[in-house]
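query-v3.txt (compact mmCIF, C-alpha atoms)
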```
# COMPACT_ATOMS: atom_id res chain seq x y z
CA MET A 223 7.52 23.68 -8.80
CA THR A 224 6.05 24.58 -5.41
CA ALA A 225 6.98 22.01 -2.76
CA PRO A 226 4.18 20.65 -0.57
CA ALA A 227 4.37 20.51 3.20
CA ARG A 228 5.87 17.17 4.22
CA MET A 229 3.03 14.69 3.87
CA GLY A 230 0.42 17.43 4.04
CA GLU A 231 -1.82 18.54 1.20
CA PRO A 232 -0.06 18.42 -2.19
CA ALA A 233 0.55 21.52 -4.27
CA PRO A 234 -2.14 22.58 -6.79
CA GLY A 235 -2.87 19.89 -9.35
CA GLY A 236 -1.79 17.18 -6.96
CA ARG A 237 1.93 17.76 -7.29
CA PHE A 238 4.60 16.52 -4.90
CA GLY A 239 7.53 18.55 -6.20
CA ASP A 240 8.07 17.31 -9.75
CA PHE A 241 5.84 14.26 -9.25
CA GLY A 242 2.15 13.48 -9.14
CA GLY A 243 -0.39 15.33 -11.27
CA ARG A 244 -3.40 14.10 -13.19
CA PHE A 245 -2.57 12.46 -16.53
CA VAL A 246 -5.84 10.84 -17.60
CA PRO A 247 -8.14 10.84 -20.64
CA GLU A 248 -10.36 13.89 -20.94
CA ALA A 249 -13.39 11.70 -20.14
CA LEU A 250 -12.01 11.05 -16.64
CA ILE A 251 -11.15 14.64 -15.68
CA PRO A 252 -14.70 15.35 -14.40
CA ALA A 253 -14.65 12.13 -12.35
CA CYS A 254 -11.30 13.04 -10.78
CA LEU A 255 -12.54 16.54 -10.00
CA GLN A 256 -15.76 15.15 -8.52
CA LEU A 257 -13.77 12.74 -6.37
CA GLU A 258 -11.42 15.48 -5.17
CA SER A 259 -14.38 17.68 -4.25
CA ALA A 260 -16.15 14.81 -2.48
CA PHE A 261 -13.03 13.87 -0.54
CA ARG A 262 -12.29 17.45 0.53
CA SER A 263 -15.86 17.88 1.71
CA ALA A 264 -15.97 14.54 3.53
CA TRP A 265 -12.55 14.91 5.16
CA ALA A 266 -13.62 18.25 6.59
CA ASN A 267 -16.95 16.84 7.80
CA GLY A 268 -17.03 15.66 11.40
CA ASP A 269 -19.91 13.25 10.78
CA PHE A 270 -18.02 11.51 7.95
CA ARG A 271 -14.87 11.23 10.07
CA ARG A 272 -16.86 9.81 12.99
CA ARG A 273 -18.56 7.23 10.75
CA LEU A 274 -15.18 6.15 9.40
CA ASP A 275 -13.61 6.05 12.87
CA ASP A 276 -16.51 3.91 14.12
CA LEU A 277 -16.04 1.47 11.24
CA LEU A 278 -12.28 1.32 11.76
CA ARG A 279 -12.84 0.50 15.44
CA ASP A 280 -15.90 -1.76 15.36
CA TYR A 281 -15.51 -3.43 11.96
CA ALA A 282 -11.82 -3.34 11.07
CA GLY A 283 -10.57 -3.89 14.63
CA ARG A 284 -8.48 -0.76 15.20
CA PRO A 285 -6.29 0.19 16.90
CA THR A 286 -3.93 -2.61 15.90
CA PRO A 287 -1.33 -3.48 18.55
CA LEU A 288 2.40 -2.90 18.64
CA THR A 289 4.23 -6.18 19.24
CA GLU A 290 7.73 -6.37 20.67
CA CYS A 291 9.85 -9.12 19.06
CA ARG A 292 12.15 -10.23 21.87
CA ARG A 293 13.67 -13.33 20.27
CA LEU A 294 14.17 -11.68 16.89
CA SER A 295 15.68 -8.66 18.67
CA ASP A 296 18.15 -10.91 20.49
CA GLU A 297 19.09 -12.53 17.18
CA LEU A 298 19.72 -9.21 15.42
CA GLY A 299 21.03 -7.05 18.25
CA VAL A 300 18.42 -4.35 17.62
CA ARG A 301 15.07 -3.82 19.32
CA VAL A 302 12.33 -4.75 16.82
CA VAL A 303 8.68 -3.81 17.23
CA LEU A 304 5.94 -4.61 14.74
CA LYS A 305 2.90 -2.51 13.86
CA ARG A 306 0.38 -5.32 13.44
CA GLU A 307 -1.74 -4.42 10.41
CA ASP A 308 -1.96 -8.16 9.78
CA LEU A 309 -4.47 -8.33 12.64
CA THR A 310 -7.11 -6.14 10.98
CA HIS A 311 -10.29 -7.57 9.45
CA THR A 312 -9.35 -9.06 6.03
CA GLY A 313 -5.72 -9.40 7.15
CA SER A 314 -3.99 -6.25 5.93
CA HIS A 315 -3.87 -2.45 6.02
CA LYS A 316 -5.99 -2.34 2.85
CA ILE A 317 -9.23 -2.27 4.87
CA ASN A 318 -8.42 1.26 6.13
CA ASN A 319 -8.53 2.70 2.62
CA VAL A 320 -11.53 0.80 1.25
CA LEU A 321 -13.78 1.72 4.15
CA GLY A 322 -13.02 5.37 3.44
CA GLN A 323 -13.53 5.01 -0.31
CA GLY A 324 -16.67 2.93 0.20
CA LEU A 325 -18.21 5.72 2.26
CA LEU A 326 -17.19 8.23 -0.43
CA THR A 327 -18.87 6.06 -3.09
CA LEU A 328 -22.11 6.34 -1.16
CA GLU A 329 -21.58 10.10 -0.67
CA MET A 330 -21.23 10.51 -4.45
CA GLY A 331 -24.43 8.53 -5.07
CA LYS A 332 -22.68 5.78 -7.03
CA THR A 333 -23.72 2.13 -6.88
CA ARG A 334 -20.70 0.27 -8.24
CA MET A 335 -17.01 -0.02 -7.45
CA VAL A 336 -14.18 -1.34 -9.58
CA ALA A 337 -10.80 -2.19 -8.13
CA GLU A 338 -7.46 -3.64 -9.14
CA THR A 339 -5.47 -6.12 -7.12
CA GLY A 340 -2.13 -7.91 -7.23
CA ALA A 341 -1.70 -9.98 -4.09
CA GLY A 342 -5.47 -10.02 -3.68
CA GLN A 343 -5.58 -8.19 -0.35
CA HIS A 344 -6.94 -4.97 -1.81
CA GLY A 345 -9.40 -6.98 -3.89
CA VAL A 346 -10.61 -8.83 -0.80
CA ALA A 347 -10.88 -5.58 1.13
CA ALA A 348 -12.78 -3.88 -1.72
CA ALA A 349 -15.16 -6.83 -2.01
CA THR A 350 -15.64 -6.70 1.76
CA ALA A 351 -16.51 -3.00 1.73
CA ALA A 352 -18.84 -3.47 -1.23
CA ALA A 353 -20.69 -6.21 0.63
CA LEU A 354 -20.90 -4.04 3.75
CA PHE A 355 -22.26 -1.02 1.86
CA GLY A 356 -24.46 -2.89 -0.64
CA LEU A 357 -22.42 -1.95 -3.72
CA ASP A 358 -21.74 -3.94 -6.87
CA CYS A 359 -18.05 -4.77 -7.19
CA VAL A 360 -15.75 -5.88 -10.02
CA VAL A 361 -12.10 -6.66 -9.28
CA TYR A 362 -9.48 -6.86 -12.02
CA MET A 363 -6.58 -9.21 -11.35
CA GLY A 364 -3.75 -10.39 -13.60
CA GLU A 365 -3.98 -14.00 -14.71
CA VAL A 366 -0.59 -14.78 -13.15
CA ASP A 367 -1.79 -13.41 -9.82
CA THR A 368 -5.12 -15.28 -9.92
CA GLU A 369 -3.08 -18.48 -10.05
CA ARG A 370 -0.64 -17.66 -7.25
CA GLN A 371 -3.40 -16.09 -5.09
CA ALA A 372 -6.23 -18.55 -5.77
CA LEU A 373 -7.43 -18.40 -2.16
CA ASN A 374 -7.99 -14.65 -2.36
CA VAL A 375 -9.85 -15.07 -5.66
CA PHE A 376 -12.22 -17.47 -3.88
CA ARG A 377 -12.63 -15.04 -0.98
CA MET A 378 -13.56 -12.18 -3.32
CA ARG A 379 -16.15 -14.30 -5.10
CA LEU A 380 -17.54 -15.55 -1.80
CA LEU A 381 -18.01 -11.92 -0.79
CA GLY A 382 -20.09 -11.31 -3.93
CA ALA A 383 -17.54 -9.60 -6.17
CA GLU A 384 -16.93 -10.47 -9.80
CA VAL A 385 -13.24 -11.22 -10.44
CA ARG A 386 -12.09 -10.56 -14.00
CA SER A 387 -8.82 -12.19 -14.99
CA VAL A 388 -6.55 -9.96 -17.10
CA ARG A 389 -4.66 -11.79 -19.84
CA SER A 390 -2.87 -8.84 -21.48
CA GLY A 391 0.74 -7.70 -21.01
CA SER A 392 2.54 -9.26 -18.05
CA ARG A 393 -0.83 -10.46 -16.63
CA THR A 394 0.04 -8.90 -13.25
CA LEU A 395 -0.79 -5.75 -11.25
CA LYS A 396 0.16 -3.18 -13.91
CA ASP A 397 -2.27 -4.72 -16.37
CA ALA A 398 -5.02 -5.03 -13.75
CA VAL A 399 -4.75 -1.25 -13.20
CA ASN A 400 -5.00 -0.69 -16.97
CA GLU A 401 -8.23 -2.68 -17.20
CA ALA A 402 -9.77 -1.04 -14.13
CA LEU A 403 -9.09 2.39 -15.66
CA ARG A 404 -10.69 1.30 -18.95
CA ASP A 405 -13.76 0.11 -17.07
CA TRP A 406 -13.98 3.42 -15.17
CA VAL A 407 -13.83 5.44 -18.41
CA ALA A 408 -16.81 3.49 -19.79
CA THR A 409 -18.94 3.44 -16.62
CA VAL A 410 -18.01 6.63 -14.78
CA GLU A 411 -21.63 7.75 -14.34
CA ASP A 412 -22.41 5.10 -11.72
CA THR A 413 -18.95 3.68 -10.90
CA HIS A 414 -16.19 4.69 -8.50
CA TYR A 415 -12.67 3.35 -9.06
CA CYS A 416 -11.48 2.20 -5.64
CA LEU A 417 -7.73 2.41 -6.26
CA GLY A 418 -5.70 0.49 -3.71
CA SER A 419 -2.48 2.43 -3.28
CA VAL A 420 -0.91 5.91 -3.19
CA MET A 421 -0.60 6.01 -6.97
CA GLY A 422 -2.64 7.08 -9.96
CA PRO A 423 -4.03 10.53 -10.78
CA HIS A 424 -4.73 13.22 -8.19
CA PRO A 425 -6.47 12.98 -5.71
CA TYR A 426 -5.68 9.26 -5.20
CA PRO A 427 -2.09 9.49 -3.86
CA TRP A 428 -3.13 12.14 -1.34
CA MET A 429 -6.52 10.60 -0.48
CA VAL A 430 -5.24 7.05 0.02
CA ARG A 431 -2.35 8.32 2.17
CA GLU A 432 -4.82 10.18 4.37
CA PHE A 433 -6.98 7.07 4.76
CA GLN A 434 -3.82 5.14 5.74
CA ARG A 435 -2.44 7.87 8.01
CA VAL A 436 -4.14 6.12 10.95
CA VAL A 437 -1.37 3.48 10.82
CA GLY A 438 1.43 5.97 11.45
CA GLU A 439 -0.46 8.09 13.97
CA GLU A 440 -1.35 5.03 16.04
CA ALA A 441 2.18 3.65 15.77
CA ARG A 442 3.82 6.89 16.90
CA SER A 443 1.57 7.18 19.94
CA GLN A 444 2.16 3.52 20.78
CA CYS A 445 5.94 3.91 20.40
CA VAL A 446 5.94 6.82 22.84
CA SER A 447 4.01 4.65 25.33
CA LEU A 448 6.21 1.57 24.85
CA LEU A 449 9.62 3.11 24.17
CA GLY A 450 9.27 6.55 25.67
CA ARG A 451 10.26 8.15 22.35
CA ASP A 452 10.20 7.71 18.58
CA PRO A 453 12.03 4.68 17.16
CA ASP A 454 15.38 5.23 15.49
CA VAL A 455 14.28 3.61 12.23
CA VAL A 456 10.82 3.11 10.67
CA VAL A 457 10.62 0.48 7.90
CA ALA A 458 7.82 -0.57 5.54
CA CYS A 459 7.57 -2.39 2.24
CA VAL A 460 6.75 -0.42 -0.92
CA GLY A 461 4.99 -1.40 -4.13
CA GLY A 462 2.72 1.52 -4.89
CA GLY A 463 3.43 2.35 -1.28
CA SER A 464 0.23 2.84 0.74
CA ASN A 465 1.25 1.12 3.98
CA ALA A 466 4.60 2.93 3.90
CA ALA A 467 2.97 6.30 3.18
CA GLY A 468 0.48 5.82 6.01
CA THR A 469 3.27 4.81 8.38
CA PHE A 470 5.68 7.56 7.33
CA ALA A 471 2.95 10.20 7.72
CA GLY A 472 3.00 9.57 11.46
CA PHE A 473 6.79 10.02 11.78
CA VAL A 474 7.81 12.39 8.97
CA ASP A 475 8.08 15.42 11.24
CA GLY A 476 10.23 13.57 13.79
CA PRO A 477 13.83 12.31 13.94
CA ALA A 478 13.27 8.70 12.83
CA ARG A 479 15.02 7.43 9.72
CA LEU A 480 12.35 6.37 7.19
CA VAL A 481 13.11 3.35 4.98
CA GLY A 482 10.92 1.94 2.23
CA VAL A 483 11.83 -1.48 0.85
CA GLU A 484 11.01 -2.44 -2.72
CA ALA A 485 11.31 -5.77 -4.48
CA ALA A 486 14.72 -6.07 -6.15
CA GLY A 487 13.03 -6.89 -9.46
CA GLY A 488 10.65 -3.94 -9.22
CA SER A 489 12.82 -1.21 -7.75
CA ALA A 490 11.49 1.99 -9.33
CA ILE A 491 13.66 4.18 -7.10
CA GLY A 492 17.19 3.26 -8.03
CA HIS A 493 16.44 1.60 -11.38
CA GLY A 494 13.57 3.76 -12.64
CA VAL A 495 13.52 7.16 -14.35
CA PRO A 496 10.88 9.91 -14.26
CA GLY A 497 7.92 9.12 -16.47
CA VAL A 498 4.14 8.88 -16.60
CA LEU A 499 2.13 5.75 -15.82
CA HIS A 500 -1.45 5.21 -14.69
CA GLY A 501 -2.24 8.91 -14.53
CA MET A 502 0.77 10.02 -12.45
CA SER A 503 4.30 11.29 -12.91
CA SER A 504 6.79 9.29 -10.85
CA TYR A 505 9.80 7.01 -11.12
CA ILE A 506 8.95 4.24 -13.58
CA LEU A 507 10.91 1.24 -14.86
CA GLN A 508 11.41 2.09 -18.56
CA ASP A 509 13.72 1.22 -21.41
CA GLU A 510 15.65 3.78 -23.49
CA TRP A 511 12.60 4.29 -25.74
CA GLY A 512 10.28 5.00 -22.83
CA GLN A 513 8.53 1.64 -22.90
CA VAL A 514 7.46 0.40 -19.45
CA LEU A 515 9.46 -2.63 -18.33
CA GLU A 516 7.95 -5.56 -16.47
CA ALA A 517 8.64 -5.77 -12.75
CA GLU A 518 9.48 -9.13 -11.24
CA SER A 519 8.85 -10.18 -7.65
CA ILE A 520 8.04 -13.21 -5.57
CA SER A 521 5.30 -10.99 -4.14
CA ALA A 522 2.24 -10.21 -6.26
CA GLY A 523 1.62 -7.07 -4.20
CA LEU A 524 5.04 -5.53 -5.02
CA ASP A 525 5.12 -6.63 -8.67
CA TYR A 526 4.68 -3.08 -10.00
CA PRO A 527 7.01 -1.05 -12.29
CA GLY A 528 6.39 2.31 -10.61
CA ILE A 529 6.00 3.88 -7.20
CA GLY A 530 3.63 6.42 -5.67
CA PRO A 531 4.62 10.03 -6.50
CA GLU A 532 4.93 11.12 -2.88
CA HIS A 533 7.54 8.39 -2.33
CA ALA A 534 9.44 9.73 -5.35
CA TYR A 535 9.33 13.16 -3.71
CA LEU A 536 10.45 11.84 -0.31
CA ALA A 537 13.37 10.10 -2.04
CA ASP A 538 14.36 13.20 -4.01
CA THR A 539 14.27 15.38 -0.89
CA ARG A 540 16.14 12.65 1.05
CA ARG A 541 13.58 12.49 3.83
CA ALA A 542 13.21 8.76 3.17
CA SER A 543 15.56 6.21 1.65
CA TYR A 544 14.46 3.32 -0.53
CA GLU A 545 16.21 -0.03 -0.40
CA LYS A 546 15.51 -3.38 -2.01
CA ALA A 547 15.32 -7.05 -1.03
CA THR A 548 15.77 -10.14 -3.18
CA ASP A 549 13.33 -13.05 -3.35
CA SER A 550 15.71 -15.35 -1.48
CA GLU A 551 16.22 -12.80 1.30
CA VAL A 552 12.44 -12.45 1.60
CA LEU A 553 11.90 -16.19 2.01
CA ASP A 554 14.61 -16.30 4.67
CA ALA A 555 13.06 -13.35 6.52
CA LEU A 556 9.60 -14.91 6.43
CA GLN A 557 10.96 -18.09 7.98
CA LEU A 558 13.02 -16.26 10.61
CA LEU A 559 10.07 -14.22 11.92
CA SER A 560 7.87 -17.31 11.90
CA ARG A 561 10.36 -19.34 13.93
CA THR A 562 11.41 -16.66 16.41
CA GLU A 563 8.06 -14.96 17.07
CA GLY A 564 5.30 -17.30 15.90
CA ILE A 565 4.13 -14.67 13.39
CA ILE A 566 3.93 -15.62 9.71
CA PRO A 567 4.16 -12.44 7.61
CA ALA A 568 2.88 -11.91 4.10
CA LEU A 569 5.56 -11.84 1.41
CA GLU A 570 5.16 -8.07 1.05
CA PRO A 571 6.19 -7.00 4.59
CA ALA A 572 8.77 -9.79 4.58
CA HIS A 573 10.68 -7.45 2.24
CA ALA A 574 10.90 -4.87 5.03
CA LEU A 575 12.06 -7.56 7.43
CA ALA A 576 14.61 -8.82 4.90
CA TRP A 577 16.25 -5.41 4.62
CA LEU A 578 16.29 -5.00 8.40
CA ILE A 579 17.93 -8.39 8.91
CA ARG A 580 20.62 -7.55 6.35
CA ALA A 581 21.14 -4.02 7.71
CA ALA A 582 21.35 -5.17 11.34
CA ARG A 583 23.86 -7.91 10.54
CA SER A 584 26.01 -5.60 8.39
CA GLY A 585 26.01 -2.77 10.94
CA GLU A 586 24.07 -0.38 8.70
CA VAL A 587 21.54 -0.28 11.53
CA GLU A 588 23.60 0.13 14.69
CA LYS A 589 23.43 -2.36 17.54
CA GLY A 590 20.98 -1.28 20.19
CA SER A 591 18.84 0.75 17.76
CA THR A 592 15.07 0.57 17.98
CA VAL A 593 13.28 -0.29 14.74
CA LEU A 594 9.57 -0.19 13.93
CA VAL A 595 8.44 -2.44 11.08
CA THR A 596 4.93 -2.18 9.66
CA LEU A 597 3.68 -5.74 9.24
CA SER A 598 1.20 -4.83 6.54
CA GLY A 599 -0.33 -8.29 6.00
CA ARG A 600 -0.42 -11.83 7.27
CA GLY A 601 1.00 -14.83 5.51
CA ASP A 602 -2.09 -17.00 5.16
CA LYS A 603 -2.56 -15.87 1.56
CA ASP A 604 0.99 -16.86 0.62
CA ALA A 605 1.20 -20.19 2.46
CA GLU A 606 0.61 -22.39 -0.59
CA GLN A 607 3.06 -20.41 -2.75
CA VAL A 608 5.74 -20.45 -0.04
CA MET A 609 5.19 -24.17 0.52
CA ARG A 610 5.91 -24.80 -3.16
CA LEU A 611 8.94 -22.50 -3.19
CA LEU A 612 10.46 -24.17 -0.12
CA GLY A 613 9.83 -27.60 -1.53
```

Could you rewrite the structure in this file as structure tokens?
Amino acid sequence: MTAPARMGEPAPGGRFGDFGGRFVPEALIPACLQLESAFRSAWANGDFRRRLDDLLRDYAGRPTPLTECRRLSDELGVRVVLKREDLTHTGSHKINNVLGQGLLTLEMGKTRMVAETGAGQHGVAAATAAALFGLDCVVYMGEVDTERQALNVFRMRLLGAEVRSVRSGSRTLKDAVNEALRDWVATVEDTHYCLGSVMGPHPYPWMVREFQRVVGEEARSQCVSLLGRDPDVVVACVGGGSNAAGTFAGFVDGPARLVGVEAAGGSAIGHGVPGVLHGMSSYILQDEWGQVLEAESISAGLDYPGIGPEHAYLADTRRASYEKATDSEVLDALQLLSRTEGIIPALEPAHALAWLIRAARSGEVEKGSTVLVTLSGRGDKDAEQVMRLLG
């Protein structure tokens, strides 16, 4: 299999080494091809790029700052800086992707978007973009997640989206993706599936990474200004992996160690095996008969039994390593950042922080190292859940 350039365009058919591809029903092949053509055309069009850049600046609030964590750094003995995606409009990196896909929906002449969501941040962002562009929007969300993310469900409805609760399977993110794909098959003439991560059939893993690349490119430039060089370590949480892919894209050709952190109960790299799920070939949690296993995580956004195919490729080629964090470590990390820096992270990026805390204290990350952590979302959405968990 032809290897792609590191975080450049994938090989033909959307392959990242042995991973990726387009494994969808025949009815969706034309839609995937149309989307690939539309994205290629738009991404090469200066007017489209300028419109997106204007929206990212004037609507989403980019560039997001780099924040130095002096008290946390003193505690850990390493220099910690945060890429503050939590400060974007809607509160996470998800807005970068949906603004791009919303513009593409208009370019393709479609009037409706469907989306899946776990933690609700992609659903909120999709509903936001739909309101901005005058599109109808339906968001599929597992019943378990609608309960633990009730505030985000309200936000989506307030923005004019219809939220459909999914009661099949584990009633979490995996099943929300299933229902969104079923909807797309039935309504493809006027509907675009606004997928929220670097997963699914080609061109989604490539396209979403390119829409998120702004995170890594900004962060690298900011690190050079603040630190005078690249950081030693770059860390981001990984479910499907869009914030990590966007971050890594800015540093992949440099010397920094790249670390993705999965939920311990949903660790596809390490516990998964190659398989096909949601239109892509990647590492998937499966039993010996090939049945997909349920992921478990305190975080709705990382509660997914697979991982984006480009992350599988980065792991196989050893350009990035993938670690895991337990629920208890995540709660401790959330509290530590809150108390030392006055920044309450979402549960998802608290996984990245949890690994860093453990690695710094164990010596896996050497004293005096400089570490960039992508803070992909803010903790407002998780406050009620964390309050219950902490008693």

Each region 423-503 of chain A residue no farther than 9 Å from region 266-285 of chain A, nearest pair in Å, all atoms listed in the file, as CSV:
```
residue,atom,partner,partner_atom,distance
A:Val436,CA,A:Pro285,CA,8.7
A:Val437,CA,A:Pro285,CA,8.5
A:Glu440,CA,A:Pro285,CA,7.0
```

Self-check item: Shortest interatomic distance to Arg580 (chain A) - which of A:Thr310, A:Leu326, A:Leu298, A:Gln256, counting only C-alpha atoms
Solution: A:Leu298

Quiz item: Any idea what's packed within 12 Å of Arg292 (chain A), counting only C-alpha atoms, ignoring anything in its chain fewer than 5 positions away? Could you give it as a list in words?
Solution: Glu297, Leu298, Gly299, Val300, Arg301, Val302, Val303, Leu304, Leu559, Thr562, Glu563, Gly564 and Thr592 of chain A

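Among the candidates A:Ala383, A:Leu328, A:Cys459, A:Phe376, the residue lying nearest to Thr350 (chain A) is A:Ala383 (atoms considered: only C-alpha atoms).
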
Quiz item: Which protein, DNA or RNA residues are at most 10 Å from (17.4, -8.0, 8.9) in the file's coordinates when you count only C-alpha atoms, listed as a VMD selection string?
Solution: chain A and resid 294 to 295 297 to 298 300 302 551 to 552 554 to 555 558 572 to 584 587

Quiz item: Neighbours of region 407-419 of chain A within 6 Å (all atoms listed in the file; same-chain residues fewer than 2 positions away dropped), as a list in words?
Solution: Lys332, Thr333, Arg334, Met335, Val336, Ala337, His344, Arg404, Asp405, Met421, Gly462 and Ser464 of chain A

Quiz item: Separation of CA of Gly324 (chain A) and CA of Ile251 (chain A), in Å?
Solution: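 Calculated distance between CA of Gly324 (chain A) and CA of Ile251 (chain A) is 20.5 Å.
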
Practice problem: Counting all atoms listed in the file, find the residues whose atoms lie at most 10 Å from (-5.6, -13.9, 2.6) (file coordinates) and write them out as a PyMOL selection string. | Solution: chain A and resi 308+312-314+341-343+346-347+371-377+568+599-605

Could the residues in this selection be written to a file with C-alpha atoms, as a compact mmCIF listing (two decimals), in the coordinates of the input?
```txt
# COMPACT_ATOMS: atom_id res chain seq x y z
CA ASP A 308 -1.96 -8.16 9.78
CA THR A 312 -9.35 -9.06 6.03
CA GLY A 313 -5.72 -9.40 7.15
CA SER A 314 -3.99 -6.25 5.93
CA ALA A 341 -1.70 -9.98 -4.09
CA GLY A 342 -5.47 -10.02 -3.68
CA GLN A 343 -5.58 -8.19 -0.35
CA VAL A 346 -10.61 -8.83 -0.80
CA ALA A 347 -10.88 -5.58 1.13
CA GLN A 371 -3.40 -16.09 -5.09
CA ALA A 372 -6.23 -18.55 -5.77
CA LEU A 373 -7.43 -18.40 -2.16
CA ASN A 374 -7.99 -14.65 -2.36
CA VAL A 375 -9.85 -15.07 -5.66
CA PHE A 376 -12.22 -17.47 -3.88
CA ARG A 377 -12.63 -15.04 -0.98
CA ALA A 568 2.88 -11.91 4.10
CA GLY A 599 -0.33 -8.29 6.00
CA ARG A 600 -0.42 -11.83 7.27
CA GLY A 601 1.00 -14.83 5.51
CA ASP A 602 -2.09 -17.00 5.16
CA LYS A 603 -2.56 -15.87 1.56
CA ASP A 604 0.99 -16.86 0.62
CA ALA A 605 1.20 -20.19 2.46
```

Practice problem: Go ahead and compute the interatomic distance for CA of Gly356 (chain A) and CA of Arg386 (chain A), in Å to one decimal. | Solution: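 Result for CA of Gly356 (chain A) versus CA of Arg386 (chain A): 19.8 Å, one decimal.
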
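Going from CA of Leu325 (chain A) to CA of Gly472 (chain A) covers 23.4 Å.
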
Some atoms are absent from region 250-261 of chain A, so rebuild N, CA and C atoms and return them as a tab-separated table (two decimals), in the frame of the given file.
```tsv
chain	number	residue	atom	x	y	z
A	250	LEU	N	-12.13	11.32	-18.08
A	250	LEU	CA	-12.01	11.05	-16.64
A	250	LEU	C	-11.72	12.29	-15.81
A	251	ILE	N	-11.44	13.42	-16.45
A	251	ILE	CA	-11.15	14.64	-15.68
A	251	ILE	C	-12.34	15.01	-14.79
A	252	PRO	N	-13.58	15.02	-15.30
A	252	PRO	CA	-14.70	15.35	-14.40
A	252	PRO	C	-14.83	14.39	-13.22
A	253	ALA	N	-14.56	13.11	-13.44
A	253	ALA	CA	-14.65	12.13	-12.35
A	253	ALA	C	-13.58	12.39	-11.29
A	254	CYS	N	-12.36	12.73	-11.73
A	254	CYS	CA	-11.30	13.04	-10.78
A	254	CYS	C	-11.62	14.31	-9.99
A	255	LEU	N	-12.16	15.30	-10.68
A	255	LEU	CA	-12.54	16.54	-10.00
A	255	LEU	C	-13.67	16.31	-9.02
A	256	GLN	N	-14.65	15.48	-9.43
A	256	GLN	CA	-15.76	15.15	-8.52
A	256	GLN	C	-15.25	14.43	-7.29
A	257	LEU	N	-14.31	13.49	-7.49
A	257	LEU	CA	-13.77	12.74	-6.37
A	257	LEU	C	-12.97	13.66	-5.44
A	258	GLU	N	-12.18	14.55	-6.00
A	258	GLU	CA	-11.42	15.48	-5.17
A	258	GLU	C	-12.36	16.35	-4.33
A	259	SER	N	-13.41	16.85	-4.97
A	259	SER	CA	-14.38	17.68	-4.25
A	259	SER	C	-15.07	16.89	-3.15
A	260	ALA	N	-15.47	15.65	-3.47
A	260	ALA	CA	-16.15	14.81	-2.48
A	260	ALA	C	-15.24	14.48	-1.31
A	261	PHE	N	-13.96	14.20	-1.61
A	261	PHE	CA	-13.03	13.87	-0.54
A	261	PHE	C	-12.77	15.08	0.35
```
